[in-house]
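As structure tokens, the structure follows; a few thoughts come after it.
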Amino acid sequence: MTDLDSVLTNQTQFSLEEPYYQGVTQPADDEVQPPKKSNSKKMLVVLASILVLLLLLLLLAVVSRRPVVTPNSPFQQGTLETPTSVQANPFAERIKRLETELEEADPLRQTLLFPPIDMDIRLDP
Amino acid sequence: MYSYRINLLLVLLVCLFVSLPLRAGAQSTASPSSVPVDLTVSSTLRKDQATESISQLRELYKSQVEVYRSSAQQYSIAKEQYANLQTLAALEEAVRATREALLNRSRLLVTYFQLLRITITDVPGIELTQKQQVLSRLDSMESRLVQHQDAILNTETRAGIGDRANEFAALEKEMESTIYQALAILSVGKVQTVYDQAMIIRQDIETYHQTATASSLIQAERARAHTETKRNFAELQTELGSVLTRLAEQAEKVNSFNKSSYERTLEDLESNHIRLTQVISYLSELARL
């Protein structure tokens with residue numbers, strides 16, 4: 001039993017909804033089905049196309065926003081570190097590096113000592 | 001099926017049009033930063049190359065020290081054996097071992113001079129005139145040692161070995177003076193490099209404080225701190241200057257650098273180094289004000 005048949009068996013509802021059914025012709029099933037099918041197929045294709053388009057756009061956006069410089073580039077390191085360190089203490093990092101260099105410059109920490117050689121190598125005195 | 005193809009074609013066309021400006025935009029945003037990236041990378045590369053060369057020479061020097069020690073030991077044994085046995089075979093072995101020890105010693109020294117040269121070149125804090133003078137002396141000594149090395153390679157006889165030993169003895173005083181002068185200049189240069197960098201940071205902090213807004217109380221505190229820090233910087237520069245002047249005066253005399261003069265320089269520098277530590281801790285405090 002179709003929806004229309006169930007509606008038609010309910011006389012009270014039918015009398016209330018009678019104006020809506022006036023002048024409405026029931027098309028034959030074999031005439032209506034093919035266009036409905038093609039419409040839904042079209043809609044599916046369009047929706048799929050839009051989805052693919054959106055996905056592609058998203059992918060392109062991600063790829064194009066990826067930074068050009070390599071992660072180990074000193075330039076990028078500088079630009080990444082600057083905002084946070086500037087807010088905290090703009091000179092802290094530089095002073096820290098300087099302290100390391102100061103340790104290396106300690107005169108008591110000589111790395112190039114005089115060569116450990118015998119200056120007097122000779123067979124005959 | 002026909003509409004599906006049309007839609008697919010449309011999607012591809014839209015993607016193509018959208019991707020073109022995006023890629024162009026990515027290129028245009030990358031281009032302004034390409035110059036500083038290249039400059040930073042090139043300067044870092046130069047620094048890395050120097051560091052790489054220094055570490056390679058250090059490794060070579062270490063291995064040559066080991067080879068030299070072994071050959072010096074062989075020389076001592078062979079010389080003693082010849083003194084005891086007095087045979088032709090013992091003499092042959094003693095000549096061979098002495099030649100080998102002389103050769104390995106000169107090889108080690110050539111590498112040591114190259115290492116000193118590249119290390120001094122890499123330290124920016126060395127005063128240019130003194131740097132040029134030391135580098136010139138190092139080059140001269142290195143080339144004379146290479147000549148000495150070539151002469152040893154062409155020597156096979158006992159008398160020849162004696163001549164090579166005499167040649168080296170003639171170089172000894174100048175070589176020792178050159179090495180100690182280079183080591184002294186290097187030590188001063190390292191401290192001076194840190195001082196110069198500290199001075200730049202102090203100036204940057206001062207500029208930063210001048211532009212940053214703060215209460216009058218903090219501004220007064222900063223001004224007092226800057227005055228004290230500047231005074232310490234000036235005094236430290238005077239002390240470093242006096243060490244440099246003494247080294248320059250010493251360099252004018254022939255072969256005046258030796259172990260004791262070098263140790264005196266290190267003692268002077270040690271007090272400067274302690275003061276520099278104090279100055280840098282001032283900078284750390286200044287930056288927090």
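As shown in the structure tokens, the chain order sets the letters A, B, ...; within each chain, residues go from 1, and ligands are also counted from 1 in the order they appear.
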
Check: which chain A residues lie within 7 Å of chain B using only C-alpha atoms, as a list in words: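 Every residue meeting the condition is included here: Val45, Val46, Ser49, Leu53, Leu60, Ser64, Val68, Pro74, Phe75, Asn89, Phe91, Ile95, Leu98, Glu101, Leu102, Ala105, Asp106, Pro107, Ile121, Arg122, Leu123 and Asp124 of chain A.
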
Print the selection's residues with N, CA and C atoms to a file, as a short mmCIF file (atom, residue, chain, number, x, y, z; two decimals), in the first residue's frame.
```cif
data_model
loop_
_atom_site.label_atom_id
_atom_site.label_comp_id
_atom_site.auth_asym_id
_atom_site.auth_seq_id
_atom_site.Cartn_x
_atom_site.Cartn_y
_atom_site.Cartn_z
N VAL A 45 26.72 13.56 -8.58
CA VAL A 45 27.95 13.94 -9.30
C VAL A 45 28.39 15.33 -8.89
N VAL A 46 27.41 16.25 -8.83
CA VAL A 46 27.74 17.64 -8.46
C VAL A 46 28.29 17.68 -7.05
N SER A 49 31.68 16.27 -6.94
CA SER A 49 32.62 17.22 -7.55
C SER A 49 32.98 18.33 -6.57
N LEU A 53 36.56 19.11 -5.07
CA LEU A 53 37.09 20.46 -5.24
C LEU A 53 37.55 21.04 -3.89
N LEU A 60 45.80 22.11 -1.51
CA LEU A 60 46.62 23.17 -2.11
C LEU A 60 46.98 24.23 -1.09
N SER A 64 50.75 25.09 -0.16
CA SER A 64 51.28 26.42 -0.45
C SER A 64 51.67 27.19 0.81
N VAL A 68 59.01 27.90 3.07
CA VAL A 68 59.96 27.62 1.99
C VAL A 68 61.31 27.18 2.56
N PRO A 74 69.05 28.77 9.77
CA PRO A 74 69.24 29.71 10.86
C PRO A 74 68.26 30.87 10.78
N PHE A 75 67.89 31.24 9.54
CA PHE A 75 66.95 32.35 9.36
C PHE A 75 65.62 32.01 9.99
N ASN A 89 62.60 38.18 27.40
CA ASN A 89 63.80 39.00 27.59
C ASN A 89 64.56 38.97 26.27
N PHE A 91 67.33 39.86 25.28
CA PHE A 91 68.78 39.68 25.26
C PHE A 91 69.24 38.40 25.97
N ILE A 95 72.99 36.72 25.65
CA ILE A 95 73.87 36.73 26.84
C ILE A 95 74.27 35.30 27.20
N LEU A 98 76.92 34.25 24.93
CA LEU A 98 78.15 34.97 25.29
C LEU A 98 78.83 34.31 26.48
N GLU A 101 80.73 31.37 25.26
CA GLU A 101 81.97 31.79 24.60
C GLU A 101 83.00 32.28 25.61
N LEU A 102 82.50 32.88 26.67
CA LEU A 102 83.41 33.35 27.72
C LEU A 102 84.13 32.17 28.38
N ALA A 105 86.80 31.05 26.23
CA ALA A 105 87.92 32.00 26.13
C ALA A 105 88.75 32.06 27.41
N ASP A 106 88.45 31.20 28.36
CA ASP A 106 89.20 31.19 29.62
C ASP A 106 90.70 30.93 29.33
N PRO A 107 91.58 31.85 29.72
CA PRO A 107 93.01 31.66 29.42
C PRO A 107 93.60 30.38 30.02
N ILE A 121 116.81 15.87 18.68
CA ILE A 121 116.94 14.52 18.14
C ILE A 121 118.19 14.49 17.25
N ARG A 122 119.16 13.76 17.65
CA ARG A 122 120.39 13.63 16.85
C ARG A 122 121.12 12.34 17.24
N LEU A 123 121.80 11.78 16.28
CA LEU A 123 122.51 10.52 16.51
C LEU A 123 123.87 10.75 17.15
N ASP A 124 124.55 11.78 16.63
CA ASP A 124 125.88 12.08 17.16
C ASP A 124 125.82 13.35 18.00
#
```

Exercise: Ala151 (chain B) partners within 10 Å, only C-alpha atoms, chain neighbours under 2 positions left out, as a ChimeraX atom specification: /B:103,145-149,153-155,160-161,163-164,167

Contact residues around Glu252 (chain B) with only C-alpha atoms at 12 Å, ignoring same-chain residues under 4 positions, as an MDAnalysis selection string: chainID B and resid 130 133:134 181 245:248 256:257

Can you write just those residues out, C-alpha atoms, as a short mmCIF file (atom, residue, chain, number, x, y, z; two decimals), in the first residue's frame?
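Contents of selection29.cif, freshly written:
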```cif
data_model
loop_
_atom_site.label_atom_id
_atom_site.label_comp_id
_atom_site.auth_asym_id
_atom_site.auth_seq_id
_atom_site.Cartn_x
_atom_site.Cartn_y
_atom_site.Cartn_z
CA GLN B 130 99.17 41.83 15.16
CA GLN B 133 102.31 39.89 11.77
CA VAL B 134 101.72 36.55 13.51
CA GLN B 181 103.58 34.70 20.26
CA THR B 245 100.43 47.02 23.82
CA ARG B 246 102.88 44.93 25.82
CA LEU B 247 102.59 42.10 23.27
CA ALA B 248 103.11 44.55 20.40
CA SER B 256 111.36 37.56 22.51
CA PHE B 257 108.41 35.26 23.15
#
```

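The coordinates place CA of Gln64 (chain B) at 7.4 Å from CA of Arg107 (chain B).
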